[in-house]
file data_32.pdb (PDB, C-alpha atoms)
ATOM      1  CA  MET A  22      26.724  32.617 202.225
ATOM      2  CA  HIS A  23      24.057  34.405 200.265
ATOM      3  CA  ASN A  24      22.843  31.696 197.918
ATOM      4  CA  LEU A  25      23.091  28.844 200.468
ATOM      5  CA  GLN A  26      21.671  30.898 203.372
ATOM      6  CA  LEU A  27      24.758  29.983 205.431
ATOM      7  CA  ASP A  28      27.696  31.695 207.073
ATOM      8  CA  GLY A  29      31.031  30.379 205.888
ATOM      9  CA  GLU A  30      34.583  31.204 204.953
ATOM     10  CA  LEU A  31      37.094  30.812 202.162
ATOM     11  CA  THR A  32      40.365  29.486 203.566
ATOM     12  CA  CYS A  33      43.876  28.548 202.527
ATOM     13  CA  ALA A  34      46.109  26.422 204.774
ATOM     14  CA  PHE A  35      49.773  25.435 204.451
ATOM     15  CA  GLY A  36      51.293  22.068 205.254
ATOM     16  CA  LYS A  37      51.627  18.592 203.758
ATOM     17  CA  PHE A  38      49.160  16.447 201.836
ATOM     18  CA  PHE A  39      49.305  12.677 202.495
ATOM     19  CA  VAL A  40      47.466   9.739 200.999
ATOM     20  CA  THR A  41      46.576   7.601 204.013
ATOM     21  CA  ALA A  42      46.559   3.828 204.342
ATOM     22  CA  ARG A  43      43.851   2.106 206.379
ATOM     23  CA  ASP A  44      43.750  -1.402 207.807
ATOM     24  CA  GLY A  45      47.332  -1.916 206.647
ATOM     25  CA  GLY A  46      46.223  -2.284 203.052
ATOM     26  CA  GLY A  47      47.912   0.757 201.543
ATOM     27  CA  ALA A  48      46.362   3.543 199.505
ATOM     28  CA  ALA A  49      44.527   1.114 197.236
ATOM     29  CA  ALA A  50      42.765  -0.435 200.226
ATOM     30  CA  ALA A  51      41.884   3.017 201.512
ATOM     31  CA  ARG A  52      40.138   3.815 198.254
ATOM     32  CA  SER A  53      38.354   0.474 197.948
ATOM     33  CA  SER A  54      35.601   1.463 200.361
ATOM     34  CA  ALA A  55      34.771   4.454 198.167
ATOM     35  CA  PHE A  56      35.167   2.930 194.707
ATOM     36  CA  VAL A  57      34.572  -0.438 193.086
ATOM     37  CA  LYS A  58      36.820  -1.505 190.219
ATOM     38  CA  GLY A  59      35.121  -1.041 186.891
ATOM     39  CA  GLU A  60      32.523   1.451 188.129
ATOM     40  CA  VAL A  61      31.789   4.476 185.979
ATOM     41  CA  LEU A  62      30.816   7.387 188.215
ATOM     42  CA  SER A  63      29.758  10.943 187.684
ATOM     43  CA  SER A  64      32.049  13.587 189.164
ATOM     44  CA  TYR A  65      29.296  14.448 191.688
ATOM     45  CA  THR A  66      29.032  10.845 192.942
ATOM     46  CA  ALA A  67      32.807  10.530 193.157
ATOM     47  CA  GLN A  68      33.016  13.706 195.225
ATOM     48  CA  GLN A  69      30.245  12.550 197.572
ATOM     49  CA  ARG A  70      31.977   9.222 198.184
ATOM     50  CA  LEU A  71      35.323  10.850 198.829
ATOM     51  CA  GLN A  72      33.721  13.084 201.454
ATOM     52  CA  LEU A  73      32.468   9.979 203.276
ATOM     53  CA  HIS A  74      35.572   7.820 202.734
ATOM     54  CA  GLN A  75      38.573  10.129 202.768
ATOM     55  CA  SER A  76      41.770   8.388 201.697
ATOM     56  CA  PHE A  77      43.924  11.434 202.400
ATOM     57  CA  ARG A  78      45.079  13.656 205.233
ATOM     58  CA  PHE A  79      46.320  17.234 205.286
ATOM     59  CA  VAL A  80      48.622  18.217 208.165
ATOM     60  CA  GLU A  81      49.032  21.939 208.786
ATOM     61  CA  THR A  82      52.542  22.738 209.984
ATOM     62  CA  LEU A  83      55.462  25.109 209.468
ATOM     63  CA  PRO A  84      58.863  25.287 211.240
ATOM     64  CA  ASP A  85      60.036  28.013 213.628
ATOM     65  CA  ALA A  86      62.396  29.284 210.919
ATOM     66  CA  ALA A  87      59.365  30.275 208.839
ATOM     67  CA  VAL A  88      58.121  32.900 211.336
ATOM     68  CA  PRO A  89      60.546  35.786 210.534
ATOM     69  CA  ILE A  90      60.101  35.059 206.815
ATOM     70  CA  ALA A  91      56.323  35.180 207.193
ATOM     71  CA  GLU A  92      56.490  38.429 209.187
ATOM     72  CA  ASP A  93      58.627  40.060 206.502
ATOM     73  CA  PHE A  94      56.278  38.854 203.742
ATOM     74  CA  LEU A  95      53.152  40.142 205.487
ATOM     75  CA  ARG A  96      54.800  43.517 206.122
ATOM     76  CA  ARG A  97      55.737  43.847 202.438
ATOM     77  CA  GLU A  98      52.191  42.862 201.421
ATOM     78  CA  GLN A  99      50.866  45.661 203.669
ATOM     79  CA  PHE A 100      49.078  43.474 206.220
ATOM     80  CA  THR A 101      48.339  45.041 209.605
ATOM     81  CA  LEU A 102      49.066  43.189 212.855
ATOM     82  CA  LEU A 103      45.977  43.404 215.058
ATOM     83  CA  PRO A 104      46.220  43.889 218.828
ATOM     84  CA  ALA A 105      45.119  40.990 221.004
ATOM     85  CA  ALA A 106      41.974  41.522 223.068
ATOM     86  CA  GLY A 107      42.939  43.867 225.886
ATOM     87  CA  GLY A 108      46.550  43.954 224.701
ATOM     88  CA  ARG A 109      48.866  45.776 222.366
ATOM     89  CA  ALA A 110      49.690  45.150 218.716
ATOM     90  CA  GLY A 111      52.142  42.272 218.584
ATOM     91  CA  ASP A 112      50.841  40.581 221.737
ATOM     92  CA  ALA A 113      49.720  36.995 221.222
ATOM     93  CA  ARG A 114      46.292  35.785 222.345
ATOM     94  CA  VAL A 115      46.324  32.582 224.398
ATOM     95  CA  THR A 116      43.303  30.275 224.242
ATOM     96  CA  PHE A 117      42.355  26.613 224.434
ATOM     97  CA  GLU A 118      40.882  24.958 221.342
ATOM     98  CA  GLY A 119      39.241  21.556 221.299
ATOM     99  CA  LYS A 120      36.741  19.082 219.927
ATOM    100  CA  ILE A 121      33.881  17.300 221.676
ATOM    101  CA  LYS A 122      32.704  14.005 220.222
ATOM    102  CA  ARG A 123      29.012  13.308 220.760
ATOM    103  CA  ALA A 124      26.901  10.337 219.723
ATOM    104  CA  THR A 125      25.875  11.777 216.356
ATOM    105  CA  ASP A 126      28.158  14.764 215.742
ATOM    106  CA  GLU A 127      31.266  16.679 216.763
ATOM    107  CA  LEU A 128      31.539  20.157 218.275
ATOM    108  CA  ALA A 129      34.450  22.601 218.099
ATOM    109  CA  PHE A 130      35.049  24.948 221.034
ATOM    110  CA  GLU A 131      37.399  27.725 222.100
ATOM    111  CA  LEU A 132      38.013  28.698 225.729
ATOM    112  CA  SER A 133      39.739  31.638 227.398
ATOM    113  CA  GLU A 134      43.267  31.367 228.792
ATOM    114  CA  ASP A 135      41.954  30.299 232.214
ATOM    115  CA  GLY A 136      39.346  27.939 230.779
ATOM    116  CA  ALA A 137      36.551  29.822 232.552
ATOM    117  CA  GLN A 138      34.953  31.506 229.542
ATOM    118  CA  LEU A 139      33.481  29.887 226.440
ATOM    119  CA  LEU A 140      34.597  32.049 223.504
ATOM    120  CA  SER A 141      32.941  30.011 220.746
ATOM    121  CA  LEU A 142      31.076  26.751 220.201
ATOM    122  CA  HIS A 143      30.159  25.438 216.749
ATOM    123  CA  GLN A 144      29.467  22.362 214.735
ATOM    124  CA  ARG A 145      32.566  21.088 212.942
ATOM    125  CA  TRP A 146      33.474  22.691 209.622
ATOM    126  CA  VAL A 147      32.021  21.070 206.496
ATOM    127  CA  ALA A 148      33.972  21.570 203.261
ATOM    128  CA  LEU A 149      31.547  22.530 200.503
ATOM    129  CA  GLN A 150      34.447  22.487 198.059
ATOM    130  CA  GLN A 151      38.166  21.941 198.604
ATOM    131  CA  SER A 152      41.278  21.495 196.490
ATOM    132  CA  PHE A 153      44.876  20.552 197.249
ATOM    133  CA  LEU A 154      47.852  22.053 195.447
ATOM    134  CA  GLN A 155      50.915  19.812 195.781
ATOM    135  CA  ALA A 156      54.425  21.172 195.381
ATOM    136  CA  GLU A 157      56.377  19.324 192.693
ATOM    137  CA  ASP A 158      59.604  19.667 194.682
ATOM    138  CA  GLY A 159      58.047  17.848 197.642
ATOM    139  CA  GLY A 160      57.770  21.098 199.570
ATOM    140  CA  LEU A 161      54.910  23.103 201.002
ATOM    141  CA  ASP A 162      51.408  22.088 199.870
ATOM    142  CA  LEU A 163      48.222  24.177 199.952
ATOM    143  CA  ARG A 164      44.657  23.340 200.874
ATOM    144  CA  VAL A 165      42.021  25.747 199.560
ATOM    145  CA  ALA A 166      38.517  25.244 200.956
ATOM    146  CA  LEU A 167      35.110  26.847 200.842
ATOM    147  CA  ARG A 168      33.499  25.699 204.067
ATOM    148  CA  SER A 169      30.579  26.292 206.376
ATOM    149  CA  ARG A 170      29.149  25.024 209.649
ATOM    150  CA  PRO A 171      25.579  24.906 210.956
ATOM    151  CA  ALA A 172      24.729  27.157 213.878
ATOM    152  CA  LEU A 173      23.906  25.778 217.332
ATOM    153  CA  SER A 174      20.872  26.752 219.355
ATOM    154  CA  ARG A 175      21.262  28.966 222.410
ATOM    155  CA  ALA A 176      20.175  26.048 224.584
ATOM    156  CA  GLU A 177      23.036  23.889 223.277
ATOM    157  CA  VAL A 178      25.569  26.664 223.797
ATOM    158  CA  ALA A 179      24.310  27.200 227.358
ATOM    159  CA  LEU A 180      24.791  23.491 228.024
ATOM    160  CA  TYR A 181      28.561  23.900 227.614
ATOM    161  CA  THR A 182      29.011  27.433 228.980
ATOM    162  CA  PRO A 183      31.080  27.528 232.231
ATOM    163  CA  THR A 184      29.353  29.113 235.229
ATOM    164  CA  ALA A 185      30.400  30.255 238.692
ATOM    165  CA  GLU A 186      29.092  26.946 240.022
ATOM    166  CA  GLY A 187      31.159  24.908 237.573
ATOM    167  CA  ASN A 188      29.915  23.375 234.337
ATOM    168  CA  ARG A 189      33.505  23.373 233.075
ATOM    169  CA  ILE A 190      34.819  21.603 229.990
ATOM    170  CA  ILE A 191      38.413  21.583 231.281
ATOM    171  CA  GLU A 192      40.046  22.334 234.611
ATOM    172  CA  LEU A 193      43.430  24.013 235.102
ATOM    173  CA  VAL A 194      45.502  23.117 238.163
ATOM    174  CA  ALA A 195      49.015  24.577 238.183
ATOM    175  CA  GLU A 196      50.528  23.372 234.892
ATOM    176  CA  ASP A 197      48.092  20.487 234.446
ATOM    177  CA  VAL A 198      44.952  20.490 232.290
ATOM    178  CA  SER A 199      42.262  17.853 232.785
ATOM    179  CA  ASP A 200      39.027  17.006 230.986
ATOM    180  CA  VAL A 201      36.082  17.431 233.368
ATOM    181  CA  LEU A 202      33.233  17.295 230.854
ATOM    182  CA  PRO A 203      30.409  15.012 232.082
ATOM    183  CA  PRO A 204      30.128  11.877 229.874
ATOM    184  CA  GLU A 205      26.511  12.632 228.981
ATOM    185  CA  LYS A 206      27.693  15.807 227.200
ATOM    186  CA  GLY A 207      30.284  14.014 225.103
ATOM    187  CA  GLN A 208      34.015  13.343 225.189
ATOM    188  CA  VAL A 209      36.865  15.792 224.647
ATOM    189  CA  VAL A 210      38.841  14.079 221.875
ATOM    190  CA  TYR A 211      41.214  16.952 221.121
ATOM    191  CA  LEU A 212      42.589  19.888 223.099
ATOM    192  CA  SER A 213      45.434  22.302 222.411
ATOM    193  CA  GLU A 214      46.798  25.467 223.985
ATOM    194  CA  ASN A 215      47.138  28.087 221.260
ATOM    195  CA  SER A 216      49.062  31.330 221.050
ATOM    196  CA  THR A 217      47.743  33.319 218.097
ATOM    197  CA  ARG A 218      48.433  36.540 216.246
ATOM    198  CA  THR A 219      46.206  37.931 213.509
ATOM    199  CA  PHE A 220      47.156  40.047 210.506
ATOM    200  CA  GLU A 221      44.643  41.535 208.087
ATOM    201  CA  LYS A 222      44.379  43.354 204.800
ATOM    202  CA  VAL A 223      41.371  44.755 202.959
ATOM    203  CA  LEU A 224      40.851  43.408 199.439
ATOM    204  CA  PRO A 225      38.685  45.927 197.544
ATOM    205  CA  LEU A 226      37.277  43.798 194.765
ATOM    206  CA  PRO A 227      34.779  45.162 192.216
ATOM    207  CA  LEU A 228      31.417  43.430 192.151
ATOM    208  CA  PRO A 229      30.199  41.833 188.900
ATOM    209  CA  GLN A 230      28.208  44.239 186.769
ATOM    210  CA  GLY A 231      24.615  44.533 187.908
ATOM    211  CA  LEU A 232      25.315  43.265 191.427
ATOM    212  CA  ALA A 233      26.164  46.557 193.122
ATOM    213  CA  PRO A 234      24.642  46.932 196.611
ATOM    214  CA  ALA A 235      21.213  48.535 196.779
ATOM    215  CA  GLY A 236      21.456  52.272 197.303
ATOM    216  CA  GLY A 237      24.735  52.725 195.432
ATOM    217  CA  GLY A 238      28.111  52.504 197.101
ATOM    218  CA  GLY A 239      30.211  52.608 193.955
ATOM    219  CA  GLY A 240      29.862  48.930 193.124
ATOM    220  CA  VAL A 241      32.924  48.027 195.199
ATOM    221  CA  SER A 242      32.643  45.585 198.095
ATOM    222  CA  PRO A 243      35.758  45.248 200.314
ATOM    223  CA  TYR A 244      36.597  41.850 201.765
ATOM    224  CA  VAL A 245      38.996  41.428 204.686
ATOM    225  CA  LEU A 246      41.704  38.797 204.284
ATOM    226  CA  GLN A 247      42.929  37.610 207.675
ATOM    227  CA  VAL A 248      46.135  35.650 208.250
ATOM    228  CA  THR A 249      46.217  33.804 211.568
ATOM    229  CA  GLU A 250      49.521  32.632 213.020
ATOM    230  CA  THR A 251      48.937  29.838 215.551
ATOM    231  CA  ARG A 252      51.550  28.300 217.841
ATOM    232  CA  ARG A 253      49.802  25.099 218.849
ATOM    233  CA  GLN A 254      50.686  22.902 221.854
ATOM    234  CA  PRO A 255      48.522  19.735 221.764
ATOM    235  CA  LEU A 256      47.367  18.449 225.159
ATOM    236  CA  ILE A 257      44.733  15.783 224.380
ATOM    237  CA  VAL A 258      44.969  13.899 221.062
ATOM    238  CA  LEU A 259      43.656  10.731 219.414
ATOM    239  CA  TYR A 260      45.958  10.483 216.407
ATOM    240  CA  ASP A 261      49.730  10.404 216.012
ATOM    241  CA  HIS A 262      49.812  13.299 213.541
ATOM    242  CA  GLU A 263      48.189  15.575 216.155
ATOM    243  CA  GLU A 264      50.850  15.075 218.835
ATOM    244  CA  ASP A 265      53.705  17.451 218.075
ATOM    245  CA  PRO A 266      53.786  21.202 218.755
ATOM    246  CA  ARG A 267      53.549  23.183 215.542
ATOM    247  CA  ILE A 268      53.142  26.567 213.913
ATOM    248  CA  GLU A 269      50.272  27.126 211.496
ATOM    249  CA  TYR A 270      49.392  29.960 209.130
ATOM    250  CA  THR A 271      45.843  30.158 207.804
ATOM    251  CA  PHE A 272      44.399  32.611 205.278
ATOM    252  CA  ARG A 273      40.658  33.224 205.609
ATOM    253  CA  VAL A 274      37.924  35.513 204.334
ATOM    254  CA  ALA A 275      34.613  35.457 206.211
ATOM    255  CA  LEU A 276      31.527  35.044 204.013
ATOM    256  CA  GLN A 277      28.449  36.154 205.906
ATOM    257  CA  ASN A 278      24.872  35.276 205.091
ATOM    258  CA  THR A 279      23.794  38.912 204.931
ATOM    259  CA  SER A 280      20.362  37.966 203.595
ATOM    260  CA  ALA A 281      19.469  36.597 207.046
ATOM    261  CA  ALA A 282      19.146  40.172 208.271
ATOM    262  CA  GLY A 283      16.451  40.871 205.694
ATOM    263  CA  GLY A 284      16.408  43.208 202.737
ATOM    264  CA  ALA A 285      18.662  43.302 199.689
ATOM    265  CA  SER A 286      22.322  42.331 199.998
ATOM    266  CA  PRO A 287      25.236  42.050 197.545
ATOM    267  CA  MET A 288      26.099  38.600 196.251
ATOM    268  CA  ILE A 289      29.620  37.254 196.674
ATOM    269  CA  ASP A 290      31.935  36.772 193.713
ATOM    270  CA  ILE A 291      33.754  33.665 194.950
ATOM    271  CA  ARG A 292      35.808  33.358 191.761
ATOM    272  CA  SER A 293      37.368  36.837 192.034
ATOM    273  CA  LEU A 294      37.805  36.536 195.773
ATOM    274  CA  GLY A 295      39.417  33.101 195.528
ATOM    275  CA  THR A 296      41.729  34.172 192.707
ATOM    276  CA  GLU A 297      42.990  37.168 194.698
ATOM    277  CA  MET A 298      43.505  35.157 197.898
ATOM    278  CA  LEU A 299      45.231  32.296 196.083
ATOM    279  CA  ALA A 300      47.635  34.689 194.324
ATOM    280  CA  ILE A 301      48.791  36.014 197.709
ATOM    281  CA  ALA A 302      48.903  32.478 199.158
ATOM    282  CA  GLU A 303      51.089  31.268 196.289
ATOM    283  CA  ARG A 304      53.575  34.071 196.930
ATOM    284  CA  PHE A 305      53.486  33.216 200.638
ATOM    285  CA  ARG A 306      54.216  29.552 199.867
ATOM    286  CA  GLU A 307      57.108  30.494 197.596
ATOM    287  CA  ALA A 308      58.631  32.619 200.365
ATOM    288  CA  LEU A 309      58.342  29.878 203.025
ATOM    289  CA  ASN A 310      59.039  26.808 200.916
ATOM    290  CA  GLY A 311      62.814  26.798 201.450
ATOM    291  CA  ALA A 312      62.482  26.826 205.245
ATOM    292  CA  PHE A 313      59.834  24.079 205.075
ATOM    293  CA  VAL A 314      61.963  21.763 202.898
ATOM    294  CA  GLU A 315      65.065  22.311 205.025
ATOM    295  CA  ALA A 316      63.229  21.635 208.302
ATOM    296  CA  TYR A 317      61.316  18.538 207.233
ATOM    297  CA  GLY A 318      63.675  16.993 204.691
ATOM    298  CA  CYS A 319      61.098  16.725 201.902
ATOM    299  CA  THR A 320      61.973  15.076 198.594
ATOM    300  CA  PRO A 321      60.523  15.711 195.139
ATOM    301  CA  ILE A 322      57.432  13.741 194.078
ATOM    302  CA  ALA A 323      58.445  10.700 192.030
TER     303      ALA A 323
END

call {"tool": "encode", "arguments": {"input": "data_32.pdb", "output": "structure tokens"}}
result
Amino acid sequence: MHNLQLDGELTCAFGKFFVTARDGGGAAAARSSAFVKGEVLSSYTAQQRLQLHQSFRFVETLPDAAVPIAEDFLRREQFTLLPAAGGRAGDARVTFEGKIKRATDELAFELSEDGAQLLSLHQRWVALQQSFLQAEDGGLDLRVALRSRPALSRAEVALYTPTAEGNRIIELVAEDVSDVLPPEKGQVVYLSENSTRTFEKVLPLPLPQGLAPAGGGGGVSPYVLQVTETRRQPLIVLYDHEEDPRIEYTFRVALQNTSAAGGASPMIDIRSLGTEMLAIAERFREALNGAFVEAYGCTPIA
């Protein structure tokens, strides 16, 4: 992003927000490591502590019944279904997604359908700012996040890139998938087989006055809102909530650090962009909420 000199994205995810209990002590025990009774904290300090000691969990999931409803909504909102790489529009893209735990950090990777090609490798996402919108009827909740992740060096990426001689992260034999990453490179703590489709729509938002791109251009900067549908089949998991197959829908707008290329670049109006994306996400939630409540038996918040 321009002012932070980072690439990032504005996202909206759909699922269920839970307050977690740790060490069997309930929600109060979960919060005790972050707060001491009687303390008076600034909002900044409270936010920093909650980032280190999270007493909540957000699980992204939607039922199968939500898919035709989502397709109809996206068609009415004039989203375009993108073709998969080397395929036709409507074809799903199959990949493997996973996490590698190292001594001091965690990496996120994506592999091709045969596991032989590294499609992406990054540090884990860091939420610069996030909010949760809970449904009063106990239905579908939203997570809105502005997030970024530091880039990796070419040497680190090469360390995990499969070659003709091997250097694999996973190995596919018939229907079985096994972790073959050498221990000195870390441990695969999560792996899923994903089938994804991507829809997109251009959001032409006017720039704030005085921030038009250098050289003109009408003062209008289009942002692309992408909606990713993911059918996820977990293969390697650490936590119970990661086990079950699920369908996920994620809204995202990429925010590039255009200043890294040198020269003048337009700044990003996060407020306008977030307001527009959230308005569409709220309508999406309203359309899918009935199917979510029926499938998961949710009850209103007491």

call {"tool": "residues_around", "arguments": {"input": "data_32.pdb", "residues": "A:Ala316", "least_positions_apart": "4", "cutoff": "9 Å", "atoms": "only C-alpha atoms", "output": "list of chain:residue names"}}
result
A:Leu83, A:Pro84, A:Asp85, A:Ala86, A:Gly311, A:Ala312

call {"tool": "resolve_selection", "arguments": {"input": "data_32.pdb", "expression": "the PyMOL selection byres ((chain A and resi 139) around 9)", "output": "short mmCIF file (atom, residue, chain, number, x, y, z; two decimals) with C-alpha atoms, in the frame of the given file"}}
result
data_model
loop_
_atom_site.label_atom_id
_atom_site.label_comp_id
_atom_site.auth_asym_id
_atom_site.auth_seq_id
_atom_site.Cartn_x
_atom_site.Cartn_y
_atom_site.Cartn_z
CA PHE A 130 35.05 24.95 221.03
CA GLU A 131 37.40 27.72 222.10
CA LEU A 132 38.01 28.70 225.73
CA SER A 133 39.74 31.64 227.40
CA GLY A 136 39.35 27.94 230.78
CA ALA A 137 36.55 29.82 232.55
CA GLN A 138 34.95 31.51 229.54
CA LEU A 140 34.60 32.05 223.50
CA SER A 141 32.94 30.01 220.75
CA LEU A 142 31.08 26.75 220.20
CA VAL A 178 25.57 26.66 223.80
CA TYR A 181 28.56 23.90 227.61
CA THR A 182 29.01 27.43 228.98
CA PRO A 183 31.08 27.53 232.23
#

call {"tool": "resolve_selection", "arguments": {"input": "data_32.pdb", "expression": "the PyMOL selection byres ((chain A and resi 297-299) around 10)", "output": "JSON, numbers by chain"}}
result
{"A": [31, 32, 33, 163, 165, 224, 226, 246, 272, 273, 274, 291, 292, 293, 294, 295, 296, 300, 301, 302, 303, 304, 305]}

call {"tool": "resolve_selection", "arguments": {"input": "data_32.pdb", "expression": "the PyMOL selection byres ((chain A and resi 82) around 10)", "output": "PyMOL selection string"}}
result
chain A and resi 34-37+79-81+83-85+161+251-253+265-270+313

call {"tool": "atom_distance", "arguments": {"input": "data_32.pdb", "atom1": "atom CA of A:Ser152", "atom2": "atom CA of A:Leu167"}}
result
9.3 Å

call {"tool": "closest_residue", "arguments": {"input": "data_32.pdb", "among": "A:Glu98, A:Arg164, A:Thr271, A:Glu157", "to": "A:Arg78", "atoms": "all atoms listed in the file"}}
result
A:Arg164

call {"tool": "atom_distance", "arguments": {"input": "data_32.pdb", "atom1": "atom CA of A:Phe100", "atom2": "atom CA of A:Phe220"}}
result
5.8 Å

call {"tool": "closest_residue", "arguments": {"input": "data_32.pdb", "among": "A:Glu214, A:Asp290, A:Glu30, A:Glu307", "to": "A:Asp197", "atoms": "all atoms listed in the file"}}
result
A:Glu214

call {"tool": "closest_residue", "arguments": {"input": "data_32.pdb", "among": "A:Leu62, A:Phe77, A:Thr116, A:Asp126", "to": "A:Gln208", "atoms": "all atoms listed in the file"}}
result
A:Asp126

call {"tool": "atom_distance", "arguments": {"input": "data_32.pdb", "atom1": "atom CA of A:Val198", "atom2": "atom CA of A:Ala129"}}
result
17.8 Å
